[in-house]
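Visitor: What follows is model-v3.json, JSON, C-alpha atoms.
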```
[["chain", "number", "residue", "atom", "x", "y", "z"],
["H", 146, "MET", "CA", 77.87, 70.73, 161.67],
["H", 147, "ASP", "CA", 81.00, 69.80, 163.66],
["H", 148, "LEU", "CA", 83.22, 67.21, 162.01],
["H", 149, "ASP", "CA", 85.60, 65.12, 164.12],
["H", 150, "LEU", "CA", 88.96, 64.90, 162.34],
["H", 151, "ALA", "CA", 89.68, 61.49, 163.89],
["H", 152, "GLN", "CA", 86.49, 60.20, 162.26],
["H", 153, "VAL", "CA", 87.40, 61.89, 158.98],
["H", 154, "ARG", "CA", 90.86, 60.31, 159.13],
["H", 155, "ALA", "CA", 89.32, 56.87, 159.69],
["H", 156, "PHE", "CA", 87.06, 57.38, 156.67],
["H", 157, "VAL", "CA", 89.90, 58.51, 154.39],
["H", 158, "ARG", "CA", 92.10, 55.57, 155.35],
["H", 159, "ALA", "CA", 89.24, 53.12, 154.84],
["H", 160, "ALA", "CA", 88.53, 54.75, 151.45],
["H", 161, "ASP", "CA", 92.19, 54.32, 150.46],
["H", 162, "GLU", "CA", 92.34, 50.68, 151.56],
["H", 163, "LEU", "CA", 88.74, 49.65, 150.77],
["H", 164, "HIS", "CA", 89.24, 47.24, 153.65],
["H", 165, "PHE", "CA", 88.44, 48.10, 157.25],
["H", 166, "GLY", "CA", 90.95, 45.63, 158.70],
["H", 167, "ARG", "CA", 93.92, 47.09, 156.82],
["H", 168, "ALA", "CA", 92.77, 50.64, 157.50],
["H", 169, "ALA", "CA", 92.46, 49.92, 161.23],
["H", 170, "ALA", "CA", 95.95, 48.39, 161.35],
["H", 171, "ALA", "CA", 97.44, 51.41, 159.56],
["H", 172, "LEU", "CA", 95.88, 53.74, 162.15],
["H", 173, "TYR", "CA", 96.79, 51.46, 165.10],
["H", 174, "LEU", "CA", 93.11, 50.91, 165.90],
["H", 175, "THR", "CA", 90.99, 47.83, 166.31],
["H", 176, "GLN", "CA", 88.65, 47.18, 163.41],
["H", 177, "GLN", "CA", 85.71, 47.73, 165.76],
["H", 178, "ALA", "CA", 87.04, 51.15, 166.78],
["H", 179, "LEU", "CA", 87.56, 52.21, 163.17],
["H", 180, "SER", "CA", 84.09, 51.01, 162.17],
["H", 181, "LYS", "CA", 82.59, 52.96, 165.07],
["H", 182, "ARG", "CA", 84.33, 56.15, 163.96],
["H", 183, "VAL", "CA", 83.09, 55.74, 160.41],
["H", 184, "ARG", "CA", 79.55, 55.02, 161.63],
["H", 185, "ARG", "CA", 79.55, 58.15, 163.79],
["H", 186, "LEU", "CA", 80.76, 60.22, 160.84],
["H", 187, "GLU", "CA", 77.97, 58.77, 158.69],
["H", 188, "GLU", "CA", 75.46, 59.67, 161.40],
["H", 189, "THR", "CA", 76.79, 63.24, 161.54],
["H", 190, "LEU", "CA", 76.60, 63.59, 157.75],
["H", 191, "GLY", "CA", 73.28, 61.81, 157.48],
["H", 192, "ALA", "CA", 74.43, 59.50, 154.68],
["H", 193, "ALA", "CA", 76.15, 56.14, 154.23],
["H", 194, "LEU", "CA", 79.73, 56.53, 152.98],
["H", 195, "PHE", "CA", 80.44, 52.83, 152.30],
["H", 196, "THR", "CA", 78.51, 49.84, 151.04],
["H", 197, "ARG", "CA", 79.30, 46.90, 153.26],
["H", 198, "GLY", "CA", 78.91, 43.23, 152.47],
["H", 199, "ARG", "CA", 80.83, 39.99, 152.51],
["H", 200, "GLY", "CA", 83.32, 41.20, 149.92],
["H", 201, "PRO", "CA", 85.48, 44.35, 149.87],
["H", 202, "VAL", "CA", 83.79, 47.57, 150.97],
["H", 203, "GLU", "CA", 83.06, 50.18, 148.32],
["H", 204, "LEU", "CA", 82.41, 53.91, 148.46],
["H", 205, "THR", "CA", 78.84, 55.04, 147.97],
["H", 206, "ALA", "CA", 78.08, 58.01, 145.73],
["H", 207, "ALA", "CA", 78.00, 60.18, 148.87],
["H", 208, "GLY", "CA", 81.35, 58.76, 150.00],
["H", 209, "THR", "CA", 82.91, 59.47, 146.61],
["H", 210, "ARG", "CA", 81.70, 63.08, 146.75],
["H", 211, "PHE", "CA", 82.90, 63.54, 150.32],
["H", 212, "LEU", "CA", 86.38, 62.00, 149.87],
["H", 213, "PRO", "CA", 88.22, 64.96, 148.23],
["H", 214, "TYR", "CA", 86.82, 67.35, 150.84],
["H", 215, "ALA", "CA", 87.80, 64.93, 153.62],
["H", 216, "ARG", "CA", 91.38, 64.85, 152.34],
["H", 217, "GLU", "CA", 91.40, 68.64, 152.22],
["H", 218, "LEU", "CA", 90.13, 68.83, 155.81],
["H", 219, "LEU", "CA", 92.97, 66.62, 157.02],
["H", 220, "ALA", "CA", 95.54, 68.57, 155.02],
["H", 221, "LEU", "CA", 94.29, 71.88, 156.36],
["H", 222, "GLY", "CA", 94.29, 70.56, 159.92],
["H", 223, "ALA", "CA", 97.88, 69.37, 159.59],
["H", 224, "ALA", "CA", 98.96, 72.63, 157.96],
["H", 225, "ALA", "CA", 97.29, 74.67, 160.70],
["H", 226, "ALA", "CA", 99.08, 72.70, 163.42],
["H", 227, "ARG", "CA", 102.45, 73.04, 161.71],
["H", 228, "SER", "CA", 101.99, 76.77, 161.15],
["H", 229, "VAL", "CA", 101.73, 77.23, 164.92],
["H", 230, "ARG", "CA", 104.93, 75.28, 165.46],
["H", 231, "GLY", "CA", 106.68, 76.94, 162.51],
["H", 232, "GLU", "CA", 107.50, 73.59, 160.88],
["H", 233, "GLN", "CA", 108.10, 73.00, 157.20],
["H", 234, "LEU", "CA", 105.32, 71.02, 155.50],
["H", 235, "PRO", "CA", 106.40, 67.52, 154.50],
["H", 236, "LEU", "CA", 106.19, 66.25, 150.95],
["H", 237, "LYS", "CA", 103.09, 64.04, 150.65],
["H", 238, "VAL", "CA", 104.16, 60.87, 148.84],
["H", 239, "ASP", "CA", 102.15, 57.76, 147.95],
["H", 240, "VAL", "CA", 104.43, 54.71, 147.81],
["H", 241, "TRP", "CA", 101.85, 52.23, 146.41],
["H", 242, "GLY", "CA", 102.38, 49.37, 148.89],
["H", 243, "PRO", "CA", 104.51, 48.21, 151.82],
["H", 244, "VAL", "CA", 106.66, 45.54, 150.13],
["H", 245, "HIS", "CA", 107.66, 47.29, 146.93],
["H", 246, "ARG", "CA", 110.81, 49.17, 145.99],
["H", 247, "PRO", "CA", 109.56, 52.79, 146.32],
["H", 248, "LEU", "CA", 109.11, 52.48, 150.10],
["H", 249, "SER", "CA", 112.57, 50.99, 150.71],
["H", 250, "LEU", "CA", 114.17, 53.47, 148.31],
["H", 251, "LEU", "CA", 112.63, 56.43, 150.11],
["H", 252, "GLY", "CA", 113.64, 54.90, 153.43],
["H", 253, "GLU", "CA", 117.25, 54.89, 152.26],
["H", 254, "LEU", "CA", 117.00, 58.53, 151.18],
["H", 255, "VAL", "CA", 115.43, 59.67, 154.45],
["H", 256, "SER", "CA", 118.15, 57.85, 156.41],
["H", 257, "ALA", "CA", 120.83, 59.61, 154.38],
["H", 258, "TYR", "CA", 119.08, 63.00, 154.31],
["H", 259, "PRO", "CA", 117.07, 63.52, 157.55],
["H", 260, "ASP", "CA", 115.93, 66.96, 156.39],
["H", 261, "LEU", "CA", 113.92, 65.31, 153.59],
["H", 262, "LEU", "CA", 110.50, 65.41, 155.27],
["H", 263, "LEU", "CA", 108.02, 62.92, 153.82],
["H", 264, "GLU", "CA", 104.45, 62.03, 154.74],
["H", 265, "LEU", "CA", 103.67, 58.61, 153.26],
["H", 266, "SER", "CA", 100.44, 56.94, 152.14],
["H", 267, "MET", "CA", 99.74, 53.60, 150.43],
["H", 268, "ARG", "CA", 96.87, 53.61, 147.94],
["H", 269, "ARG", "CA", 98.07, 50.37, 146.24],
["H", 270, "SER", "CA", 97.33, 51.76, 142.79],
["H", 271, "LEU", "CA", 98.68, 54.61, 140.72],
["H", 272, "GLY", "CA", 95.22, 55.00, 139.21],
["H", 273, "SER", "CA", 93.76, 55.91, 142.59],
["H", 274, "ALA", "CA", 96.63, 58.33, 143.29],
["H", 275, "LEU", "CA", 96.63, 60.25, 140.00],
["H", 276, "ASP", "CA", 93.63, 62.41, 140.81],
["H", 277, "ALA", "CA", 95.18, 63.28, 144.18],
["H", 278, "VAL", "CA", 98.40, 64.38, 142.43],
["H", 279, "ALA", "CA", 96.46, 66.40, 139.87],
["H", 280, "SER", "CA", 94.39, 68.11, 142.58],
["H", 281, "GLY", "CA", 97.35, 68.78, 144.88],
["H", 282, "ASP", "CA", 96.25, 66.38, 147.64],
["H", 283, "LEU", "CA", 99.45, 64.46, 146.91],
["H", 284, "ASP", "CA", 102.80, 65.88, 145.87],
["H", 285, "VAL", "CA", 104.28, 62.65, 144.52],
["H", 286, "ALA", "CA", 103.02, 59.19, 143.61],
["H", 287, "TRP", "CA", 104.69, 56.01, 142.40],
["H", 288, "GLY", "CA", 103.46, 53.33, 140.04],
["H", 289, "ARG", "CA", 103.41, 51.74, 136.63],
["H", 290, "ALA", "CA", 102.12, 54.35, 134.19],
["H", 291, "HIS", "CA", 100.33, 52.00, 131.76],
["H", 292, "ASP", "CA", 97.13, 49.92, 131.68],
["H", 293, "LEU", "CA", 95.44, 52.44, 133.96],
["H", 294, "GLY", "CA", 92.22, 52.41, 131.96],
["H", 295, "ARG", "CA", 92.10, 56.20, 131.85],
["H", 296, "PRO", "CA", 93.81, 59.11, 130.06],
["H", 297, "TRP", "CA", 96.94, 60.55, 131.58],
["H", 298, "PRO", "CA", 95.97, 63.82, 133.34],
["H", 299, "ASP", "CA", 97.13, 67.11, 131.90],
["H", 300, "GLY", "CA", 99.99, 68.79, 133.71],
["H", 301, "VAL", "CA", 101.19, 65.61, 135.44],
["H", 302, "ARG", "CA", 104.73, 64.47, 134.69],
["H", 303, "ARG", "CA", 106.39, 61.11, 135.20],
["H", 304, "ARG", "CA", 109.90, 59.64, 135.13],
["H", 305, "LEU", "CA", 110.94, 55.99, 135.16],
["H", 306, "VAL", "CA", 113.19, 55.44, 138.18],
["H", 307, "CYS", "CA", 113.74, 51.70, 138.57],
["H", 308, "LEU", "CA", 112.70, 48.19, 137.55],
["H", 309, "GLU", "CA", 111.71, 45.69, 140.24],
["H", 310, "PRO", "CA", 112.22, 42.05, 139.13],
["H", 311, "ILE", "CA", 109.37, 39.57, 139.51],
["H", 312, "ALA", "CA", 109.90, 35.91, 140.42],
["H", 313, "VAL", "CA", 107.45, 33.14, 141.29],
["H", 314, "GLY", "CA", 106.69, 31.77, 144.73],
["H", 315, "VAL", "CA", 105.74, 28.19, 145.56],
["H", 316, "LEU", "CA", 105.43, 26.27, 148.79],
["H", 317, "ALA", "CA", 108.31, 24.05, 149.88],
["H", 318, "GLY", "CA", 107.68, 20.60, 148.39],
["H", 319, "HIS", "CA", 106.13, 21.95, 145.20],
["H", 320, "PRO", "CA", 107.54, 20.35, 142.01],
["H", 321, "LEU", "CA", 109.12, 23.71, 141.07],
["H", 322, "ALA", "CA", 110.63, 24.36, 144.50],
["H", 323, "ASP", "CA", 114.00, 22.83, 143.56],
["H", 324, "ALA", "CA", 114.23, 24.54, 140.16],
["H", 325, "THR", "CA", 117.03, 27.03, 139.63],
["H", 326, "VAL", "CA", 114.89, 28.93, 137.12],
["H", 327, "VAL", "CA", 111.35, 28.65, 135.78],
["H", 328, "GLY", "CA", 110.72, 29.19, 132.08],
["H", 329, "ALA", "CA", 107.73, 29.18, 129.77],
["H", 330, "ALA", "CA", 107.60, 25.38, 129.44],
["H", 331, "GLU", "CA", 107.43, 24.82, 133.20],
["H", 332, "LEU", "CA", 104.86, 27.58, 133.67],
["H", 333, "ARG", "CA", 102.60, 26.17, 130.98],
["H", 334, "GLY", "CA", 102.35, 22.95, 132.95],
["H", 335, "HIS", "CA", 101.43, 24.66, 136.23],
["H", 336, "GLY", "CA", 99.92, 27.99, 135.23],
["H", 337, "LEU", "CA", 100.06, 31.25, 137.16],
["H", 338, "TRP", "CA", 97.71, 32.28, 139.94],
["H", 339, "ILE", "CA", 97.39, 35.93, 140.97],
["H", 340, "PRO", "CA", 95.57, 37.14, 144.11],
["H", 341, "PHE", "CA", 93.42, 39.62, 142.16],
["H", 342, "GLU", "CA", 91.42, 39.69, 138.93],
["H", 343, "ASP", "CA", 91.34, 43.21, 137.53],
["H", 344, "ARG", "CA", 92.51, 45.57, 140.27],
["H", 345, "PRO", "CA", 94.90, 47.30, 140.31],
["H", 346, "PRO", "CA", 94.74, 47.37, 136.49],
["H", 347, "GLU", "CA", 98.36, 48.46, 136.00],
["H", 348, "LEU", "CA", 99.62, 45.34, 137.80],
["H", 349, "THR", "CA", 97.09, 42.84, 136.46],
["H", 350, "GLY", "CA", 97.70, 44.21, 132.97],
["H", 351, "LEU", "CA", 101.44, 43.59, 133.29],
["H", 352, "LEU", "CA", 101.08, 40.04, 134.62],
["H", 353, "ARG", "CA", 98.39, 39.03, 132.13],
["H", 354, "ALA", "CA", 100.50, 40.40, 129.27],
["H", 355, "TYR", "CA", 103.46, 38.31, 130.48],
["H", 356, "ALA", "CA", 101.32, 35.18, 130.68],
["H", 357, "ALA", "CA", 99.94, 35.85, 127.19],
["H", 358, "ALA", "CA", 103.45, 36.39, 125.76],
["H", 359, "LEU", "CA", 104.55, 33.00, 127.13],
["H", 360, "ASP", "CA", 101.22, 31.27, 126.35],
["H", 361, "VAL", "CA", 100.79, 30.44, 130.04],
["H", 362, "PRO", "CA", 97.32, 29.94, 131.59],
["H", 363, "ILE", "CA", 96.56, 32.49, 134.31],
["H", 364, "THR", "CA", 93.82, 32.58, 136.92],
["H", 365, "GLY", "CA", 92.89, 35.18, 139.49],
["H", 366, "THR", "CA", 91.03, 35.48, 142.77],
["H", 367, "ALA", "CA", 88.96, 38.60, 143.30],
["H", 368, "LEU", "CA", 89.93, 39.37, 146.90],
["H", 369, "ASN", "CA", 93.41, 40.85, 147.40],
["H", 370, "LEU", "CA", 94.26, 41.51, 151.06],
["H", 371, "GLY", "CA", 98.03, 41.85, 150.72],
["H", 372, "VAL", "CA", 101.11, 39.64, 150.88],
["H", 373, "GLU", "CA", 100.05, 37.80, 154.04],
["H", 374, "HIS", "CA", 96.78, 36.81, 152.38],
["H", 375, "THR", "CA", 98.63, 35.66, 149.26],
["H", 376, "ILE", "CA", 100.91, 33.41, 151.34],
["H", 377, "ALA", "CA", 97.94, 32.07, 153.31],
["H", 378, "GLU", "CA", 96.26, 31.18, 150.02],
["H", 379, "LEU", "CA", 99.41, 29.38, 148.85],
["H", 380, "ARG", "CA", 99.31, 27.29, 152.01],
["H", 381, "ARG", "CA", 95.65, 26.45, 151.41],
["H", 382, "HIS", "CA", 96.33, 25.58, 147.76],
["H", 383, "PRO", "CA", 99.90, 24.17, 147.67],
["H", 384, "HIS", "CA", 99.75, 23.43, 143.93],
["H", 385, "ARG", "CA", 99.61, 27.14, 143.04],
["H", 386, "VAL", "CA", 102.41, 29.18, 141.47],
["H", 387, "THR", "CA", 102.17, 32.93, 142.08],
["H", 388, "PRO", "CA", 104.23, 35.97, 141.03],
["H", 389, "LEU", "CA", 106.14, 37.63, 143.88],
["H", 390, "GLY", "CA", 108.72, 40.37, 144.09],
["H", 391, "ALA", "CA", 112.25, 39.03, 143.73],
["H", 392, "TRP", "CA", 113.36, 41.27, 146.61],
["H", 393, "TRP", "CA", 110.53, 40.58, 149.07],
["H", 394, "GLN", "CA", 111.11, 39.07, 152.50],
["H", 395, "LEU", "CA", 109.28, 35.72, 152.57],
["H", 396, "PRO", "CA", 108.60, 33.08, 155.24],
["H", 397, "ALA", "CA", 110.75, 29.94, 155.27],
["H", 398, "ASP", "CA", 108.08, 27.69, 153.73],
["H", 399, "VAL", "CA", 107.73, 29.86, 150.61],
["H", 400, "VAL", "CA", 110.38, 29.25, 147.95],
["H", 401, "ARG", "CA", 111.18, 31.99, 145.44],
["H", 402, "VAL", "CA", 112.36, 30.87, 141.98],
["H", 403, "PRO", "CA", 113.64, 33.25, 139.26],
["H", 404, "LEU", "CA", 111.69, 33.56, 136.01],
["H", 405, "ARG", "CA", 113.13, 33.51, 132.50],
["H", 406, "PRO", "CA", 112.47, 35.72, 130.73],
["H", 407, "THR", "CA", 112.45, 37.94, 133.81],
["H", 408, "PRO", "CA", 109.46, 40.27, 134.01],
["H", 409, "TYR", "CA", 109.84, 43.62, 135.75],
["H", 410, "LEU", "CA", 107.51, 45.97, 137.53],
["H", 411, "PRO", "CA", 108.52, 49.45, 136.31],
["H", 412, "TRP", "CA", 108.34, 52.19, 138.96],
["H", 413, "SER", "CA", 107.83, 55.74, 137.75],
["H", 414, "VAL", "CA", 107.74, 58.78, 140.00],
["H", 415, "VAL", "CA", 104.79, 61.06, 139.24],
["H", 416, "TRP", "CA", 104.27, 64.73, 140.13],
["H", 417, "ARG", "CA", 102.35, 67.80, 138.99],
["H", 418, "ALA", "CA", 104.45, 70.08, 136.79],
["H", 419, "ASP", "CA", 103.42, 73.27, 138.59],
["H", 420, "ASN", "CA", 103.86, 71.93, 142.12],
["H", 421, "ALA", "CA", 105.86, 74.58, 144.01],
["H", 422, "HIS", "CA", 106.68, 72.53, 147.12],
["H", 423, "PRO", "CA", 110.31, 73.38, 147.99],
["H", 424, "LEU", "CA", 111.21, 69.74, 148.73],
["H", 425, "LEU", "CA", 109.99, 68.37, 145.38],
["H", 426, "PRO", "CA", 113.06, 69.37, 143.30],
["H", 427, "ARG", "CA", 115.31, 67.99, 146.03],
["H", 428, "LEU", "CA", 113.56, 64.61, 146.05],
["H", 429, "LEU", "CA", 113.63, 64.36, 142.25],
["H", 430, "ALA", "CA", 117.34, 65.19, 142.23],
["H", 431, "LEU", "CA", 118.12, 62.52, 144.85],
["H", 432, "LEU", "CA", 116.27, 59.72, 143.08],
["H", 433, "PRO", "CA", 118.32, 57.38, 140.85],
["H", 434, "GLY", "CA", 118.78, 58.64, 137.31],
["H", 435, "PRO", "CA", 118.23, 56.84, 133.98],
["H", 436, "HIS", "CA", 121.84, 55.61, 133.93],
["H", 437, "THR", "CA", 121.06, 53.21, 136.81],
["H", 438, "ILE", "CA", 118.37, 51.26, 134.88],
["H", 439, "ARG", "CA", 119.52, 47.89, 133.56],
["H", 440, "PHE", "CA", 117.50, 45.89, 131.03],
["H", 441, "ASP", "CA", 118.75, 42.99, 128.89],
["H", 442, "PRO", "CA", 116.35, 42.35, 125.97],
["H", 443, "ALA", "CA", 117.82, 38.85, 125.59],
["H", 444, "GLY", "CA", 116.64, 37.65, 128.99],
["H", 445, "ASP", "CA", 114.38, 40.36, 130.43],
["H", 446, "TRP", "CA", 110.77, 41.18, 129.61],
["H", 447, "LEU", "CA", 108.57, 44.27, 129.62],
["H", 448, "PRO", "CA", 105.41, 45.08, 127.64],
["H", 449, "GLU", "CA", 106.02, 47.32, 124.64],
["H", 450, "PRO", "CA", 104.56, 50.49, 126.25],
["H", 451, "ASP", "CA", 106.99, 50.10, 129.17],
["H", 452, "ARG", "CA", 109.92, 49.47, 126.86],
["H", 453, "ALA", "CA", 109.18, 52.82, 125.26],
["H", 454, "ASP", "CA", 109.76, 54.44, 128.68],
["H", 455, "LEU", "CA", 113.30, 53.03, 128.96],
["H", 456, "PRO", "CA", 116.18, 55.44, 128.44],
["H", 457, "ARG", "CA", 117.34, 55.51, 124.84],
["H", 458, "THR", "CA", 120.65, 53.92, 125.77],
["H", 459, "VAL", "CA", 120.25, 51.13, 128.32],
["H", 460, "PRO", "CA", 123.41, 49.21, 129.31],
["H", 461, "ASN", "CA", 123.13, 45.58, 128.22],
["H", 462, "ARG", "CA", 123.45, 44.20, 131.75],
["H", 463, "ARG", "CA", 120.99, 42.55, 134.12],
["H", 464, "VAL", "CA", 119.37, 44.19, 137.10],
["H", 465, "PRO", "CA", 121.34, 43.14, 140.22],
["H", 466, "ALA", "CA", 119.85, 40.41, 142.41],
["H", 467, "SER", "CA", 118.98, 42.77, 145.27],
["H", 468, "PRO", "CA", 118.35, 46.51, 145.69]]
```
Produce structure tokens that represent the structure in this file.
Guide:
Amino acid sequence: MDLDLAQVRAFVRAADELHFGRAAAALYLTQQALSKRVRRLEETLGAALFTRGRGPVELTAAGTRFLPYARELLALGAAAARSVRGEQLPLKVDVWGPVHRPLSLLGELVSAYPDLLLELSMRRSLGSALDAVASGDLDVAWGRAHDLGRPWPDGVRRRLVCLEPIAVGVLAGHPLADATVVGAAELRGHGLWIPFEDRPPELTGLLRAYAAALDVPITGTALNLGVEHTIAELRRHPHRVTPLGAWWQLPADVVRVPLRPTPYLPWSVVWRADNAHPLLPRLLALLPGPHTIRFDPAGDWLPEPDRADLPRTVPNRRVPASP
């Protein structure tokens, strides 16, 4: 059986995204071209790899079994090509998503240290990246290390690196658009809407815990297609109030308003303790240390499990307004 690596790559990206449109965009393909590659791979293997319907695609049992081997095929192919050219293997890093702090932070490091070779992926969930770290398919992952709905794998370490503040976004003209800050009383009157219901669990768990702590009603929509989809939904439903990153770039018709207390998305770097990649110690040494984390218990908010991850001595100052 001859497997086409381009088809395998299309499958792996679609499995990571669970959305053919996003996977196609990431590979610079049309959705039709990506679907054709996956179909041809399924024909070669003699089994369906995805269930397809009106909602998000899902892996079949055969697709779930094939996925770790598909990742290994791609890794071996890349390693074989680099061995011919005598190149150092890059550090495989999952940065969670395109708008969050890990991607911009690593971009700053790569700009300052061009010899820091990174190969990035975006699984949009630490839960989906943990097995890849444990198996060696990934060298490093980022995410919030709580509410994962699973035990922490043996031999995998983590370190809190930074806190990303969360604000709310509303359309221009919304009653909260002119507010300088939004507190519990204002949120109770409008509620919070999130563009997902239970996935990824580490993010939904954080936001639902915040809403519960402030006694704020919260609703969710099952389909999460990214920031553009969230903004499109705001435009369709202009009464909604949704959590957004305080550092995100937003279109002119979306107004960002700070929250008080300010919730934070904690970003931990995750790696396998016995990973011998020569670039791993260098990356860990270049990342910000615990002394850079700022958290003010009087005006900031984190769930108790995340507070336990904070350095023992945290300066009583706020996180700056921008990274």
Visitor: I'd like the neighbourhood of Trp416 of chain H as a PDB file with C-alpha atoms, in the coordinates of the input, where a residue qualifies if any of its atoms comes within 7 Å (using only C-alpha atoms), though same-chain residues fewer than 2 positions away should be ignored.
Guide:
```pdb
ATOM      1  CA  VAL H 278      98.400  64.380 142.430  1.00  0.00           C
ATOM      2  CA  ASP H 284     102.800  65.880 145.870  1.00  0.00           C
ATOM      3  CA  VAL H 285     104.280  62.650 144.520  1.00  0.00           C
ATOM      4  CA  ALA H 286     103.020  59.190 143.610  1.00  0.00           C
ATOM      5  CA  VAL H 301     101.190  65.610 135.440  1.00  0.00           C
ATOM      6  CA  ARG H 302     104.730  64.470 134.690  1.00  0.00           C
ATOM      7  CA  ARG H 303     106.390  61.110 135.200  1.00  0.00           C
ATOM      8  CA  VAL H 414     107.740  58.780 140.000  1.00  0.00           C
ATOM      9  CA  ALA H 418     104.450  70.080 136.790  1.00  0.00           C
TER      10      ALA H 418
END
```
Visitor: Go ahead and compute the interatomic distance for atom CA of Trp412 of chain H and atom CA of Pro456 of chain H, in Å to one decimal.
Guide: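 Atom CA of Pro456 of chain H lies 13.5 Å from atom CA of Trp412 of chain H.
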Visitor: Skip segment 206-210 of chain H itself and residues of its chain fewer than 5 positions away, then list as number ranges by chain all residues within 9 Å of it, counting only C-alpha atoms.
Guide: H: 156, 160, 192-195
Visitor: Rank H:Asp282, H:Glu264, H:Asp323, H:Glu253 by their smallest atom-to-atom distance to Pro403 of chain H, using all atoms listed in the file, and report the top residue only.
Guide: H:Asp323
Visitor: To one decimal in Å, tell me the separation between atom CA of Val240 of chain H and atom CA of His436 of chain H.
Guide: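 Interatomic distance here is 22.3 Å.
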Visitor: Between H:Tyr258, H:Tyr173, H:Tyr355, H:Trp338, which residue has the minimum interatomic distance to His382 of chain H, considering only C-alpha atoms?
Guide: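 Smallest separation from His382 of chain H among the options: H:Trp338.
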Visitor: Taking into account only C-alpha atoms, which residue in the set H:Gly294, H:Leu431, H:Ser266, H:Ala169 is nearest to Leu248 of chain H?
Guide: H:Ser266
Visitor: One number please: atom CA of Leu172 of chain H to atom CA of Pro396 of chain H, in Å, one decimal.
Guide: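 Taking atom CA of Leu172 of chain H and atom CA of Pro396 of chain H, their separation equals 25.2 Å.
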Visitor: Point out the residue among H:Trp393, H:Phe165, H:Ala170, H:Leu265 with the least atom-to-atom distance to Gly252 of chain H, counting all atoms listed in the file.
Guide: H:Leu265
Visitor: Under the rule that all atoms listed in the file are counted, which of H:Pro383, H:Gly334, H:Pro411, H:Pro259 is the nearest residue to Trp287 of chain H?
Guide: H:Pro411
Visitor: Name the closest residue to Ala324 of chain H among the candidates H:Leu275, H:Leu404, H:Ala215, H:Leu455; distances are taken between atoms, counting only C-alpha atoms.
Guide: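 Smallest distance to Ala324 of chain H is found for H:Leu404.
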Visitor: Neighbouring residues of Glu347 of chain H were defined as those with any atom within 9 Å, considering all atoms listed in the file; residues of the same chain fewer than 6 positions away were excluded. Please report them as a list of chain:residue names.
Guide: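 So, after excluding close chain neighbours, the residues are H:Ser270, H:Leu271, H:Gly272, H:Gly288, H:Arg289, H:Ala290, H:His291, H:Asp292, H:Leu293, H:Gly294.
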Visitor: If we count only C-alpha atoms and set the cut-off at 9 Å, which residues sit around Ala159 of chain H, ignoring sequence neighbours fewer than 6 positions away in its own chain? Please answer as a PDB file with C-alpha atoms, keeping the file's coordinate frame.
Guide:
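around15.pdb written:
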```
ATOM      1  CA  PHE H 165      88.440  48.100 157.250  1.00  0.00           C
ATOM      2  CA  GLY H 166      90.950  45.630 158.700  1.00  0.00           C
ATOM      3  CA  ARG H 167      93.920  47.090 156.820  1.00  0.00           C
ATOM      4  CA  ALA H 168      92.770  50.640 157.500  1.00  0.00           C
ATOM      5  CA  ALA H 169      92.460  49.920 161.230  1.00  0.00           C
ATOM      6  CA  LEU H 179      87.560  52.210 163.170  1.00  0.00           C
ATOM      7  CA  VAL H 183      83.090  55.740 160.410  1.00  0.00           C
ATOM      8  CA  VAL H 202      83.790  47.570 150.970  1.00  0.00           C
TER       9      VAL H 202
END
```
